[in-house]
Amino acid sequence: MLAPPRTVVRREGGLYALERALQRRGFTQVAGADEAGRGACAGPLVAAAAVLPEGKRGEIDELADSKLLTPAARERVYEQVVARALAWSVVIVPATEVDARGLHVCNLAAMRRALASLTTRPDYVLTDGFPVDGLGTPGLAVWKGDRVAACVAAASVLAKVTRDRIMVEMDGQFPAYGFAVHKGYITDEHSAALKQHGPCAEHRFSYVNVAAASGRGNRPPRARRPVPRVSPEAAQPVLFDASATASVVLPETPGSTVGVASDDQPQPSPSVGEDEAMEGEKR
């Protein structure tokens with residue numbers, strides 16, 4: 001019995017070459033998954049998945065790795081992905097969950113859940129960097145997949161825009177840290193604010209720099225979080241309240257699904273803000 005011919009994907013084929021090659025082999029629905037926020041020391045980890053349609057409808061102007069796009073271009077691409085995708089999903093993992101379970105475990109679990117939440121079952125799955133098991137679907141981990149495969153690039157845009165919107169809203173809750181500017185990544189300004197004010201409830205206490213700023217570096221992540229303080233005027237929790245809203249569910253759009261890693265209460269979609277494009281610098 002003859003072995004099936006090898007599938008050759010040429011670099012000059014561009015962002016859609018890998019998906020088109022898989023589709024020619026019978027894998028019609030190809031899903032991509034990616035995350036945003038691995039390198040940040042504050043805010044959630046966000047994973048996303050997307051299935052783009054075959055042919056011209058699946059070809060989106062300006063689509064690229066989200067880290068290579070300007071904030072304005074990301075917003076345009078985000079709207080096109082949401083409008084054109086056969087299915088898409090977003091999963092938000094709060095900082096408390098990252099501390100409790102570990103970054104890598106949360107990252108794989110979030111991508112797995114994002115893929116499982118797709119309303120269109122994929123025939124093949126492409127993930128950025130890390131293999132994800134337990135999907136019941138053949139797949140491939142692609143190095144720098146957001147620069148190689150269109151569906152992974154689409155997922156990277158969904159994750160990045162969602163997370164940036166969350167960080168802009170978070171800046172209004174914790175204005176001392178500049179979250180709207182650096183999006184929770186470790187910049188000089190962020191480090192100075194951590195040193196001056198200490199960490200807030202949305203920081204990741206399992207990270208060395210946050211643990212050091214908390215003054216409880218020798219304790220496990222959960223124990224580093226101070227007991228919530230209550231404002232006598234409003235009787236509402238303020239800084240360090242680990243039970244404050246940690247997961248955000250964006251309003252559901254036809255053709256999409258949204259999942260969260262914990263706290264399934266839906267929250268309003270945050271506003272859009274600017275970004276310093278540091279997602280790739282801290283990976």
# chains A, B, ... in the order shown; residues from 1 in each chain; ligands from 1

$ select_by_dssp --residues "stretch 50-258 of chain A" --states "helix (DSSP H, G or I)" --output "PyMOL selection string"
chain A and resi 56-58+66-68+71-84+95-101+103-116+145-147+150-173+179-182+188-197+208-214+221-224

$ residues_around --residues "stretch 129-133 of chain A" --least-positions-apart "2" --cutoff "7 Å" --atoms "only C-alpha atoms" --output "list of chain:residue names"
A:Leu108, A:Arg112, A:Thr127, A:Leu135, A:Leu140, A:Ala141, A:Val142, A:Trp143, A:Lys144, A:Gly145

$ write_last_selection --atoms "all heavy atoms" --output "compact mmCIF listing (two decimals), in the first residue's frame"
# COMPACT_ATOMS: atom_id res chain seq x y z
N LEU A 108 -2.36 26.08 29.02
CA LEU A 108 -2.84 24.93 28.26
C LEU A 108 -4.33 24.69 28.50
O LEU A 108 -5.08 24.39 27.56
CB LEU A 108 -2.04 23.69 28.64
CG LEU A 108 -0.55 23.70 28.29
CD1 LEU A 108 0.08 22.35 28.64
CD2 LEU A 108 -0.31 24.04 26.84
N ARG A 112 -7.22 24.83 25.67
CA ARG A 112 -8.06 23.64 25.50
C ARG A 112 -9.53 24.02 25.60
O ARG A 112 -10.37 23.56 24.82
CB ARG A 112 -7.69 22.60 26.57
CG ARG A 112 -8.41 21.26 26.40
CD ARG A 112 -7.99 20.29 27.48
NE ARG A 112 -6.57 19.98 27.44
CZ ARG A 112 -5.68 20.36 28.37
NH1 ARG A 112 -6.08 21.05 29.43
NH2 ARG A 112 -4.42 20.04 28.25
N THR A 127 -1.81 25.22 17.19
CA THR A 127 -1.61 26.02 18.40
C THR A 127 -0.27 26.72 18.33
O THR A 127 0.68 26.24 17.69
CB THR A 127 -1.67 25.15 19.67
OG1 THR A 127 -0.74 24.07 19.56
CG2 THR A 127 -3.07 24.59 19.87
N LEU A 135 -7.88 16.95 23.08
CA LEU A 135 -8.85 17.61 22.21
C LEU A 135 -9.68 16.63 21.40
O LEU A 135 -10.74 16.98 20.87
CB LEU A 135 -8.13 18.57 21.25
CG LEU A 135 -7.36 19.73 21.90
CD1 LEU A 135 -6.60 20.50 20.83
CD2 LEU A 135 -8.32 20.66 22.64
N LEU A 140 -1.25 20.30 15.69
CA LEU A 140 0.18 20.56 15.56
C LEU A 140 0.51 21.85 16.31
O LEU A 140 -0.18 22.86 16.16
CB LEU A 140 0.55 20.71 14.08
CG LEU A 140 2.01 21.04 13.76
CD1 LEU A 140 2.91 19.85 14.12
CD2 LEU A 140 2.16 21.41 12.28
N ALA A 141 1.56 21.78 17.14
CA ALA A 141 2.08 22.99 17.76
C ALA A 141 3.07 23.63 16.80
O ALA A 141 4.02 22.99 16.35
CB ALA A 141 2.75 22.65 19.09
N VAL A 142 2.85 24.89 16.48
CA VAL A 142 3.65 25.58 15.47
C VAL A 142 4.47 26.67 16.14
O VAL A 142 3.92 27.54 16.83
CB VAL A 142 2.76 26.19 14.38
CG1 VAL A 142 3.61 26.84 13.29
CG2 VAL A 142 1.84 25.13 13.78
N TRP A 143 5.78 26.61 15.97
CA TRP A 143 6.65 27.66 16.51
C TRP A 143 6.32 28.98 15.83
O TRP A 143 6.26 29.08 14.62
CB TRP A 143 8.11 27.29 16.28
CG TRP A 143 9.09 28.35 16.68
CD1 TRP A 143 9.89 29.09 15.88
CD2 TRP A 143 9.37 28.79 18.03
NE1 TRP A 143 10.64 29.96 16.62
CE2 TRP A 143 10.36 29.80 17.93
CE3 TRP A 143 8.89 28.42 19.28
CZ2 TRP A 143 10.85 30.45 19.06
CZ3 TRP A 143 9.38 29.06 20.40
CH2 TRP A 143 10.35 30.06 20.28
N LYS A 144 6.08 30.01 16.64
CA LYS A 144 5.63 31.31 16.13
C LYS A 144 4.45 31.15 15.20
O LYS A 144 4.38 31.73 14.11
CB LYS A 144 6.79 32.06 15.45
CG LYS A 144 7.89 32.48 16.41
CD LYS A 144 8.87 33.42 15.76
CE LYS A 144 9.95 33.85 16.74
NZ LYS A 144 9.43 34.60 17.89
N GLY A 145 3.48 30.35 15.65
CA GLY A 145 2.33 30.06 14.83
C GLY A 145 1.52 31.27 14.43
O GLY A 145 0.88 31.28 13.38

$ residues_around --residues "A:Leu45" --least-positions-apart "2" --cutoff "9 Å" --atoms "only C-alpha atoms" --output "number ranges by chain"
A: 35-38, 40, 43, 47, 91-95, 98, 103, 106-107, 110, 159, 163

$ residues_around --residues "stretch 68-80 of chain A" --least-positions-apart "2" --cutoff "8 Å" --atoms "only C-alpha atoms" --output "list in words"
Ile60, Asp61, Glu62, Leu63, Ala64, Asp65, Ser66, Val82, Ala83, Arg84, Ala154, Val157, Leu158, Val161, Glu274, Asp275 and Ala277 of chain A

$ write_last_selection --atoms "all heavy atoms" --output "tab-separated table (two decimals), in the first residue's frame"
chain	number	residue	atom	x	y	z
A	60	ILE	N	-8.37	37.97	5.53
A	60	ILE	CA	-8.67	39.23	6.21
A	60	ILE	C	-7.54	40.22	6.00
A	60	ILE	O	-6.37	39.92	6.28
A	60	ILE	CB	-8.89	38.98	7.72
A	60	ILE	CG1	-10.11	38.06	7.92
A	60	ILE	CG2	-9.06	40.28	8.48
A	60	ILE	CD1	-10.30	37.61	9.34
A	61	ASP	N	-7.87	41.39	5.50
A	61	ASP	CA	-6.88	42.44	5.29
A	61	ASP	C	-6.18	42.78	6.61
A	61	ASP	O	-6.84	42.86	7.65
A	61	ASP	CB	-7.54	43.71	4.73
A	61	ASP	CG	-8.01	43.53	3.30
A	61	ASP	OD1	-7.54	42.59	2.63
A	61	ASP	OD2	-8.88	44.31	2.86
A	62	GLU	N	-4.88	42.95	6.56
A	62	GLU	CA	-4.04	43.35	7.69
A	62	GLU	C	-3.81	42.25	8.72
A	62	GLU	O	-3.09	42.45	9.69
A	62	GLU	CB	-4.61	44.58	8.44
A	62	GLU	CG	-4.74	45.83	7.59
A	62	GLU	CD	-5.24	47.00	8.41
A	62	GLU	OE1	-6.48	47.10	8.63
A	62	GLU	OE2	-4.40	47.84	8.86
A	63	LEU	N	-4.42	41.07	8.53
A	63	LEU	CA	-4.25	40.00	9.51
A	63	LEU	C	-2.78	39.63	9.64
A	63	LEU	O	-2.08	39.40	8.66
A	63	LEU	CB	-5.05	38.77	9.10
A	63	LEU	CG	-4.94	37.55	10.04
A	63	LEU	CD1	-5.47	37.90	11.44
A	63	LEU	CD2	-5.70	36.36	9.47
A	64	ALA	N	-2.31	39.61	10.88
A	64	ALA	CA	-0.92	39.27	11.19
A	64	ALA	C	-0.83	38.96	12.67
A	64	ALA	O	-1.82	39.09	13.41
A	64	ALA	CB	0.02	40.42	10.81
A	65	ASP	N	0.33	38.53	13.12
A	65	ASP	CA	0.58	38.38	14.55
A	65	ASP	C	0.17	39.67	15.25
A	65	ASP	O	0.58	40.76	14.84
A	65	ASP	CB	2.07	38.09	14.74
A	65	ASP	CG	2.50	38.07	16.20
A	65	ASP	OD1	1.64	38.14	17.10
A	65	ASP	OD2	3.72	38.00	16.43
A	66	SER	N	-0.64	39.55	16.30
A	66	SER	CA	-1.17	40.75	16.96
A	66	SER	C	-0.08	41.68	17.47
A	66	SER	O	-0.27	42.89	17.54
A	66	SER	CB	-2.07	40.34	18.13
A	66	SER	OG	-1.32	39.64	19.12
A	82	VAL	N	-14.28	38.62	14.04
A	82	VAL	CA	-15.58	38.35	14.65
A	82	VAL	C	-16.67	38.24	13.59
A	82	VAL	O	-17.57	37.39	13.68
A	82	VAL	CB	-15.91	39.45	15.68
A	82	VAL	CG1	-17.37	39.35	16.14
A	82	VAL	CG2	-14.98	39.37	16.88
A	83	ALA	N	-16.59	39.08	12.57
A	83	ALA	CA	-17.62	39.09	11.53
A	83	ALA	C	-17.51	37.89	10.58
A	83	ALA	O	-18.52	37.36	10.12
A	83	ALA	CB	-17.53	40.39	10.73
A	84	ARG	N	-16.28	37.44	10.32
A	84	ARG	CA	-16.09	36.44	9.28
A	84	ARG	C	-15.88	35.01	9.79
A	84	ARG	O	-16.14	34.05	9.06
A	84	ARG	CB	-14.88	36.81	8.41
A	84	ARG	CG	-15.02	38.11	7.65
A	84	ARG	CD	-13.90	38.23	6.65
A	84	ARG	NE	-13.91	39.50	5.96
A	84	ARG	CZ	-13.25	39.73	4.82
A	84	ARG	NH1	-12.54	38.75	4.28
A	84	ARG	NH2	-13.29	40.91	4.25
A	154	ALA	N	-5.42	35.02	13.85
A	154	ALA	CA	-6.75	35.52	14.21
A	154	ALA	C	-7.00	35.33	15.70
A	154	ALA	O	-7.53	36.22	16.38
A	154	ALA	CB	-7.82	34.81	13.39
A	157	VAL	N	-5.12	37.89	17.77
A	157	VAL	CA	-5.77	39.21	17.78
A	157	VAL	C	-6.95	39.22	18.74
A	157	VAL	O	-7.14	40.17	19.52
A	157	VAL	CB	-6.20	39.61	16.36
A	157	VAL	CG1	-7.08	40.86	16.39
A	157	VAL	CG2	-4.98	39.85	15.48
A	158	LEU	N	-7.76	38.17	18.71
A	158	LEU	CA	-8.89	38.08	19.63
A	158	LEU	C	-8.41	38.14	21.08
A	158	LEU	O	-8.98	38.87	21.91
A	158	LEU	CB	-9.65	36.77	19.41
A	158	LEU	CG	-10.43	36.61	18.11
A	158	LEU	CD1	-10.96	35.19	18.00
A	158	LEU	CD2	-11.58	37.61	18.03
A	161	VAL	N	-6.69	41.83	21.89
A	161	VAL	CA	-7.66	42.93	22.00
A	161	VAL	C	-8.52	42.76	23.25
A	161	VAL	O	-8.78	43.72	23.98
A	161	VAL	CB	-8.52	43.02	20.73
A	161	VAL	CG1	-9.68	44.01	20.94
A	161	VAL	CG2	-7.67	43.46	19.54
A	274	GLU	N	-5.27	52.43	24.26
A	274	GLU	CA	-4.02	52.33	23.55
A	274	GLU	C	-3.15	51.25	24.17
A	274	GLU	O	-3.43	50.71	25.22
A	274	GLU	CB	-3.30	53.69	23.59
A	274	GLU	CG	-3.99	54.77	22.77
A	274	GLU	CD	-4.06	54.39	21.30
A	274	GLU	OE1	-3.01	54.01	20.74
A	274	GLU	OE2	-5.15	54.46	20.74
A	275	ASP	N	-2.05	50.94	23.51
A	275	ASP	CA	-1.20	49.82	23.93
A	275	ASP	C	0.22	50.09	23.52
A	275	ASP	O	0.47	50.73	22.50
A	275	ASP	CB	-1.72	48.53	23.30
A	275	ASP	CG	-0.70	47.44	23.27
A	275	ASP	OD1	-0.12	47.19	24.31
A	275	ASP	OD2	-0.50	46.87	22.19
A	277	ALA	N	2.41	47.62	22.91
A	277	ALA	CA	2.86	46.48	22.12
A	277	ALA	C	4.02	45.74	22.76
A	277	ALA	O	5.03	45.47	22.15
A	277	ALA	CB	3.23	46.93	20.71

$ select_by_dssp --residues "stretch 106-254 of chain A" --states "strand (DSSP E)" --output "MDAnalysis selection string"
chainID A and resid 124:128 139:142

$ atom_distance --atom1 "atom CA of A:Ile186" --atom2 "atom CA of A:Gly39"
8.1 Å

$ closest_residue --among "A:Lys160, A:Pro122, A:Ile166, A:Pro221" --to "A:Gly26" --atoms "only C-alpha atoms"
A:Pro122

$ residues_around --residues "A:Phe179" --least-positions-apart "5" --cutoff "10 Å" --atoms "only C-alpha atoms" --output "list in words"
Ala42, Gly43, Asp164, Ile166, Met167, Val168, Glu169, Met170, Asp171, Gly172, Gln173, Phe174, Gly184, Tyr185, His190 and Asp275 of chain A

$ write_last_selection --atoms "all heavy atoms" --output "short mmCIF file (atom, residue, chain, number, x, y, z; two decimals), in the first residue's frame"
data_model
loop_
_atom_site.label_atom_id
_atom_site.label_comp_id
_atom_site.auth_asym_id
_atom_site.auth_seq_id
_atom_site.Cartn_x
_atom_site.Cartn_y
_atom_site.Cartn_z
N ALA A 42 0.59 41.26 35.94
CA ALA A 42 -0.71 41.72 36.45
C ALA A 42 -1.76 41.48 35.38
O ALA A 42 -1.47 41.48 34.18
CB ALA A 42 -0.67 43.19 36.83
N GLY A 43 -2.99 41.27 35.83
CA GLY A 43 -4.09 41.07 34.91
C GLY A 43 -4.25 39.61 34.52
O GLY A 43 -3.46 38.75 34.90
N ASP A 164 -6.35 43.65 26.30
CA ASP A 164 -6.07 45.08 26.37
C ASP A 164 -7.28 45.87 26.86
O ASP A 164 -7.15 46.81 27.65
CB ASP A 164 -5.62 45.61 25.01
CG ASP A 164 -4.19 45.23 24.67
OD1 ASP A 164 -3.54 44.58 25.51
OD2 ASP A 164 -3.73 45.58 23.57
N ILE A 166 -9.58 44.75 28.84
CA ILE A 166 -9.69 44.47 30.28
C ILE A 166 -8.70 45.33 31.06
O ILE A 166 -9.04 45.89 32.12
CB ILE A 166 -9.45 42.97 30.55
CG1 ILE A 166 -10.58 42.13 29.97
CG2 ILE A 166 -9.31 42.71 32.05
CD1 ILE A 166 -10.31 40.64 29.99
N MET A 167 -7.47 45.45 30.56
CA MET A 167 -6.45 46.20 31.28
C MET A 167 -6.77 47.70 31.32
O MET A 167 -6.47 48.38 32.30
CB MET A 167 -5.08 45.97 30.66
CG MET A 167 -4.58 44.53 30.74
SD MET A 167 -4.65 43.80 32.41
CE MET A 167 -3.46 44.82 33.28
N VAL A 168 -7.39 48.21 30.26
CA VAL A 168 -7.81 49.61 30.26
C VAL A 168 -8.88 49.84 31.32
O VAL A 168 -8.85 50.83 32.06
CB VAL A 168 -8.30 50.03 28.86
CG1 VAL A 168 -8.98 51.40 28.91
CG2 VAL A 168 -7.15 50.05 27.88
N GLU A 169 -9.85 48.92 31.40
CA GLU A 169 -10.87 49.04 32.44
C GLU A 169 -10.24 48.92 33.83
O GLU A 169 -10.61 49.64 34.77
CB GLU A 169 -11.94 47.98 32.26
CG GLU A 169 -13.05 48.09 33.31
CD GLU A 169 -14.11 47.04 33.12
OE1 GLU A 169 -13.94 45.94 33.70
OE2 GLU A 169 -15.08 47.29 32.41
N MET A 170 -9.29 48.04 33.96
CA MET A 170 -8.62 47.83 35.24
C MET A 170 -7.85 49.08 35.68
O MET A 170 -7.72 49.36 36.87
CB MET A 170 -7.66 46.64 35.12
CG MET A 170 -7.19 46.06 36.42
SD MET A 170 -6.14 44.62 36.10
CE MET A 170 -7.39 43.48 35.46
N ASP A 171 -7.37 49.83 34.72
CA ASP A 171 -6.66 51.07 35.03
C ASP A 171 -7.58 52.05 35.76
O ASP A 171 -7.13 52.81 36.62
CB ASP A 171 -6.13 51.71 33.75
CG ASP A 171 -5.28 52.93 34.00
OD1 ASP A 171 -4.16 52.78 34.50
OD2 ASP A 171 -5.77 54.05 33.71
N GLY A 172 -8.86 52.04 35.42
CA GLY A 172 -9.80 52.89 36.13
C GLY A 172 -10.02 52.46 37.57
O GLY A 172 -10.30 53.29 38.44
N GLN A 173 -9.89 51.16 37.84
CA GLN A 173 -10.06 50.64 39.19
C GLN A 173 -8.80 50.83 40.03
O GLN A 173 -8.87 51.04 41.24
CB GLN A 173 -10.42 49.15 39.13
CG GLN A 173 -11.72 48.86 38.40
CD GLN A 173 -11.92 47.38 38.16
OE1 GLN A 173 -11.01 46.57 38.32
NE2 GLN A 173 -13.12 47.01 37.76
N PHE A 174 -7.64 50.73 39.39
CA PHE A 174 -6.36 50.84 40.08
C PHE A 174 -5.46 51.82 39.32
O PHE A 174 -4.50 51.44 38.65
CB PHE A 174 -5.68 49.46 40.15
CG PHE A 174 -6.54 48.39 40.76
CD1 PHE A 174 -7.16 47.44 39.96
CD2 PHE A 174 -6.73 48.32 42.14
CE1 PHE A 174 -7.95 46.44 40.52
CE2 PHE A 174 -7.52 47.34 42.70
CZ PHE A 174 -8.14 46.40 41.89
N GLY A 184 0.11 45.71 32.16
CA GLY A 184 0.51 44.75 33.17
C GLY A 184 1.87 44.13 32.96
O GLY A 184 2.30 43.31 33.79
N TYR A 185 2.57 44.50 31.89
CA TYR A 185 3.91 43.97 31.67
C TYR A 185 4.93 44.71 32.54
O TYR A 185 4.65 45.78 33.09
CB TYR A 185 4.27 44.06 30.18
CG TYR A 185 3.50 43.06 29.37
CD1 TYR A 185 2.27 43.40 28.80
CD2 TYR A 185 3.96 41.77 29.22
CE1 TYR A 185 1.54 42.48 28.08
CE2 TYR A 185 3.23 40.83 28.51
CZ TYR A 185 2.03 41.19 27.94
OH TYR A 185 1.29 40.26 27.24
N HIS A 190 6.06 50.49 35.68
CA HIS A 190 5.27 49.53 36.46
C HIS A 190 6.05 49.09 37.70
O HIS A 190 5.49 48.99 38.80
CB HIS A 190 4.92 48.33 35.59
CG HIS A 190 3.91 47.42 36.19
ND1 HIS A 190 3.50 46.25 35.59
CD2 HIS A 190 3.22 47.47 37.36
CE1 HIS A 190 2.61 45.65 36.34
NE2 HIS A 190 2.42 46.36 37.43
N ASP A 275 -2.05 50.94 23.51
CA ASP A 275 -1.20 49.82 23.93
C ASP A 275 0.22 50.09 23.52
O ASP A 275 0.47 50.73 22.50
CB ASP A 275 -1.72 48.53 23.30
CG ASP A 275 -0.70 47.44 23.27
OD1 ASP A 275 -0.12 47.19 24.31
OD2 ASP A 275 -0.50 46.87 22.19
#

$ decode --residues "stretch 15-109 of chain A" --atoms "C-alpha atoms" --output "PDB file, in the first residue's frame"
ATOM      1  CA  LEU A  15      -0.001  33.309   6.122  1.00  0.00           C
ATOM      2  CA  TYR A  16      -2.702  31.098   4.575  1.00  0.00           C
ATOM      3  CA  ALA A  17      -0.432  28.430   3.060  1.00  0.00           C
ATOM      4  CA  LEU A  18      -0.516  26.011   6.007  1.00  0.00           C
ATOM      5  CA  GLU A  19      -4.305  26.065   6.317  1.00  0.00           C
ATOM      6  CA  ARG A  20      -4.775  25.693   2.572  1.00  0.00           C
ATOM      7  CA  ALA A  21      -2.428  22.692   2.560  1.00  0.00           C
ATOM      8  CA  LEU A  22      -4.388  21.045   5.378  1.00  0.00           C
ATOM      9  CA  GLN A  23      -7.658  21.761   3.612  1.00  0.00           C
ATOM     10  CA  ARG A  24      -6.355  20.115   0.448  1.00  0.00           C
ATOM     11  CA  ARG A  25      -5.704  16.994   2.533  1.00  0.00           C
ATOM     12  CA  GLY A  26      -9.316  16.938   3.730  1.00  0.00           C
ATOM     13  CA  PHE A  27      -9.058  18.911   6.988  1.00  0.00           C
ATOM     14  CA  THR A  28     -11.694  21.453   6.014  1.00  0.00           C
ATOM     15  CA  GLN A  29     -12.179  23.248   9.328  1.00  0.00           C
ATOM     16  CA  VAL A  30      -8.804  24.312  10.739  1.00  0.00           C
ATOM     17  CA  ALA A  31      -8.824  25.997  14.138  1.00  0.00           C
ATOM     18  CA  GLY A  32      -6.062  28.131  15.593  1.00  0.00           C
ATOM     19  CA  ALA A  33      -5.432  28.921  19.264  1.00  0.00           C
ATOM     20  CA  ASP A  34      -3.204  31.463  20.962  1.00  0.00           C
ATOM     21  CA  GLU A  35      -2.912  33.433  24.196  1.00  0.00           C
ATOM     22  CA  ALA A  36      -2.066  36.907  25.460  1.00  0.00           C
ATOM     23  CA  GLY A  37      -0.596  37.903  28.809  1.00  0.00           C
ATOM     24  CA  ARG A  38       1.887  35.135  29.624  1.00  0.00           C
ATOM     25  CA  GLY A  39       4.652  37.609  30.377  1.00  0.00           C
ATOM     26  CA  ALA A  40       2.551  40.129  32.289  1.00  0.00           C
ATOM     27  CA  CYS A  41       2.777  40.234  36.084  1.00  0.00           C
ATOM     28  CA  ALA A  42      -0.710  41.716  36.446  1.00  0.00           C
ATOM     29  CA  GLY A  43      -4.095  41.067  34.913  1.00  0.00           C
ATOM     30  CA  PRO A  44      -5.601  37.933  33.413  1.00  0.00           C
ATOM     31  CA  LEU A  45      -4.246  35.394  30.999  1.00  0.00           C
ATOM     32  CA  VAL A  46      -6.462  35.321  27.904  1.00  0.00           C
ATOM     33  CA  ALA A  47      -6.689  32.498  25.368  1.00  0.00           C
ATOM     34  CA  ALA A  48      -8.664  32.479  22.138  1.00  0.00           C
ATOM     35  CA  ALA A  49      -9.511  30.142  19.287  1.00  0.00           C
ATOM     36  CA  ALA A  50     -10.848  30.784  15.795  1.00  0.00           C
ATOM     37  CA  VAL A  51     -11.915  28.903  12.671  1.00  0.00           C
ATOM     38  CA  LEU A  52     -11.744  30.947   9.486  1.00  0.00           C
ATOM     39  CA  PRO A  53     -13.786  30.006   6.417  1.00  0.00           C
ATOM     40  CA  GLU A  54     -12.163  28.613   3.297  1.00  0.00           C
ATOM     41  CA  GLY A  55     -11.445  30.788   0.296  1.00  0.00           C
ATOM     42  CA  LYS A  56     -11.514  34.546  -0.058  1.00  0.00           C
ATOM     43  CA  ARG A  57     -13.968  35.095   2.800  1.00  0.00           C
ATOM     44  CA  GLY A  58     -11.362  33.789   5.208  1.00  0.00           C
ATOM     45  CA  GLU A  59      -8.696  36.172   3.956  1.00  0.00           C
ATOM     46  CA  ILE A  60      -8.674  39.231   6.209  1.00  0.00           C
ATOM     47  CA  ASP A  61      -6.877  42.444   5.293  1.00  0.00           C
ATOM     48  CA  GLU A  62      -4.038  43.355   7.693  1.00  0.00           C
ATOM     49  CA  LEU A  63      -4.247  40.003   9.507  1.00  0.00           C
ATOM     50  CA  ALA A  64      -0.916  39.266  11.187  1.00  0.00           C
ATOM     51  CA  ASP A  65       0.576  38.376  14.547  1.00  0.00           C
ATOM     52  CA  SER A  66      -1.169  40.753  16.962  1.00  0.00           C
ATOM     53  CA  LYS A  67       2.181  41.951  18.337  1.00  0.00           C
ATOM     54  CA  LEU A  68       3.130  43.263  14.888  1.00  0.00           C
ATOM     55  CA  LEU A  69      -0.031  45.365  14.518  1.00  0.00           C
ATOM     56  CA  THR A  70      -0.752  48.839  15.838  1.00  0.00           C
ATOM     57  CA  PRO A  71      -3.622  49.143  18.337  1.00  0.00           C
ATOM     58  CA  ALA A  72      -5.850  50.672  15.646  1.00  0.00           C
ATOM     59  CA  ALA A  73      -5.034  47.897  13.155  1.00  0.00           C
ATOM     60  CA  ARG A  74      -5.724  45.243  15.798  1.00  0.00           C
ATOM     61  CA  GLU A  75      -9.163  46.699  16.394  1.00  0.00           C
ATOM     62  CA  ARG A  76      -9.939  46.609  12.670  1.00  0.00           C
ATOM     63  CA  VAL A  77      -8.733  43.030  12.361  1.00  0.00           C
ATOM     64  CA  TYR A  78     -10.642  42.029  15.512  1.00  0.00           C
ATOM     65  CA  GLU A  79     -13.910  43.269  14.021  1.00  0.00           C
ATOM     66  CA  GLN A  80     -13.228  41.389  10.780  1.00  0.00           C
ATOM     67  CA  VAL A  81     -12.379  38.155  12.594  1.00  0.00           C
ATOM     68  CA  VAL A  82     -15.576  38.349  14.652  1.00  0.00           C
ATOM     69  CA  ALA A  83     -17.615  39.088  11.528  1.00  0.00           C
ATOM     70  CA  ARG A  84     -16.091  36.436   9.275  1.00  0.00           C
ATOM     71  CA  ALA A  85     -15.044  33.529  11.486  1.00  0.00           C
ATOM     72  CA  LEU A  86     -17.103  30.355  11.321  1.00  0.00           C
ATOM     73  CA  ALA A  87     -16.594  30.188  15.091  1.00  0.00           C
ATOM     74  CA  TRP A  88     -14.480  31.928  17.697  1.00  0.00           C
ATOM     75  CA  SER A  89     -14.101  31.812  21.448  1.00  0.00           C
ATOM     76  CA  VAL A  90     -12.284  33.612  24.249  1.00  0.00           C
ATOM     77  CA  VAL A  91     -11.334  32.333  27.703  1.00  0.00           C
ATOM     78  CA  ILE A  92     -10.191  34.634  30.518  1.00  0.00           C
ATOM     79  CA  VAL A  93      -8.146  33.240  33.394  1.00  0.00           C
ATOM     80  CA  PRO A  94      -7.900  35.660  36.364  1.00  0.00           C
ATOM     81  CA  ALA A  95      -4.636  36.376  38.152  1.00  0.00           C
ATOM     82  CA  THR A  96      -5.810  34.435  41.203  1.00  0.00           C
ATOM     83  CA  GLU A  97      -6.205  31.321  39.069  1.00  0.00           C
ATOM     84  CA  VAL A  98      -2.733  31.758  37.587  1.00  0.00           C
ATOM     85  CA  ASP A  99      -1.335  31.966  41.127  1.00  0.00           C
ATOM     86  CA  ALA A 100      -3.262  28.907  42.281  1.00  0.00           C
ATOM     87  CA  ARG A 101      -2.604  26.568  39.345  1.00  0.00           C
ATOM     88  CA  GLY A 102       0.533  27.911  37.688  1.00  0.00           C
ATOM     89  CA  LEU A 103       1.001  29.800  34.439  1.00  0.00           C
ATOM     90  CA  HIS A 104       1.735  26.898  32.102  1.00  0.00           C
ATOM     91  CA  VAL A 105      -1.109  24.747  33.425  1.00  0.00           C
ATOM     92  CA  CYS A 106      -3.530  27.672  33.053  1.00  0.00           C
ATOM     93  CA  ASN A 107      -2.246  28.442  29.575  1.00  0.00           C
ATOM     94  CA  LEU A 108      -2.840  24.927  28.262  1.00  0.00           C
ATOM     95  CA  ALA A 109      -6.180  24.606  30.065  1.00  0.00           C
TER      96      ALA A 109
END
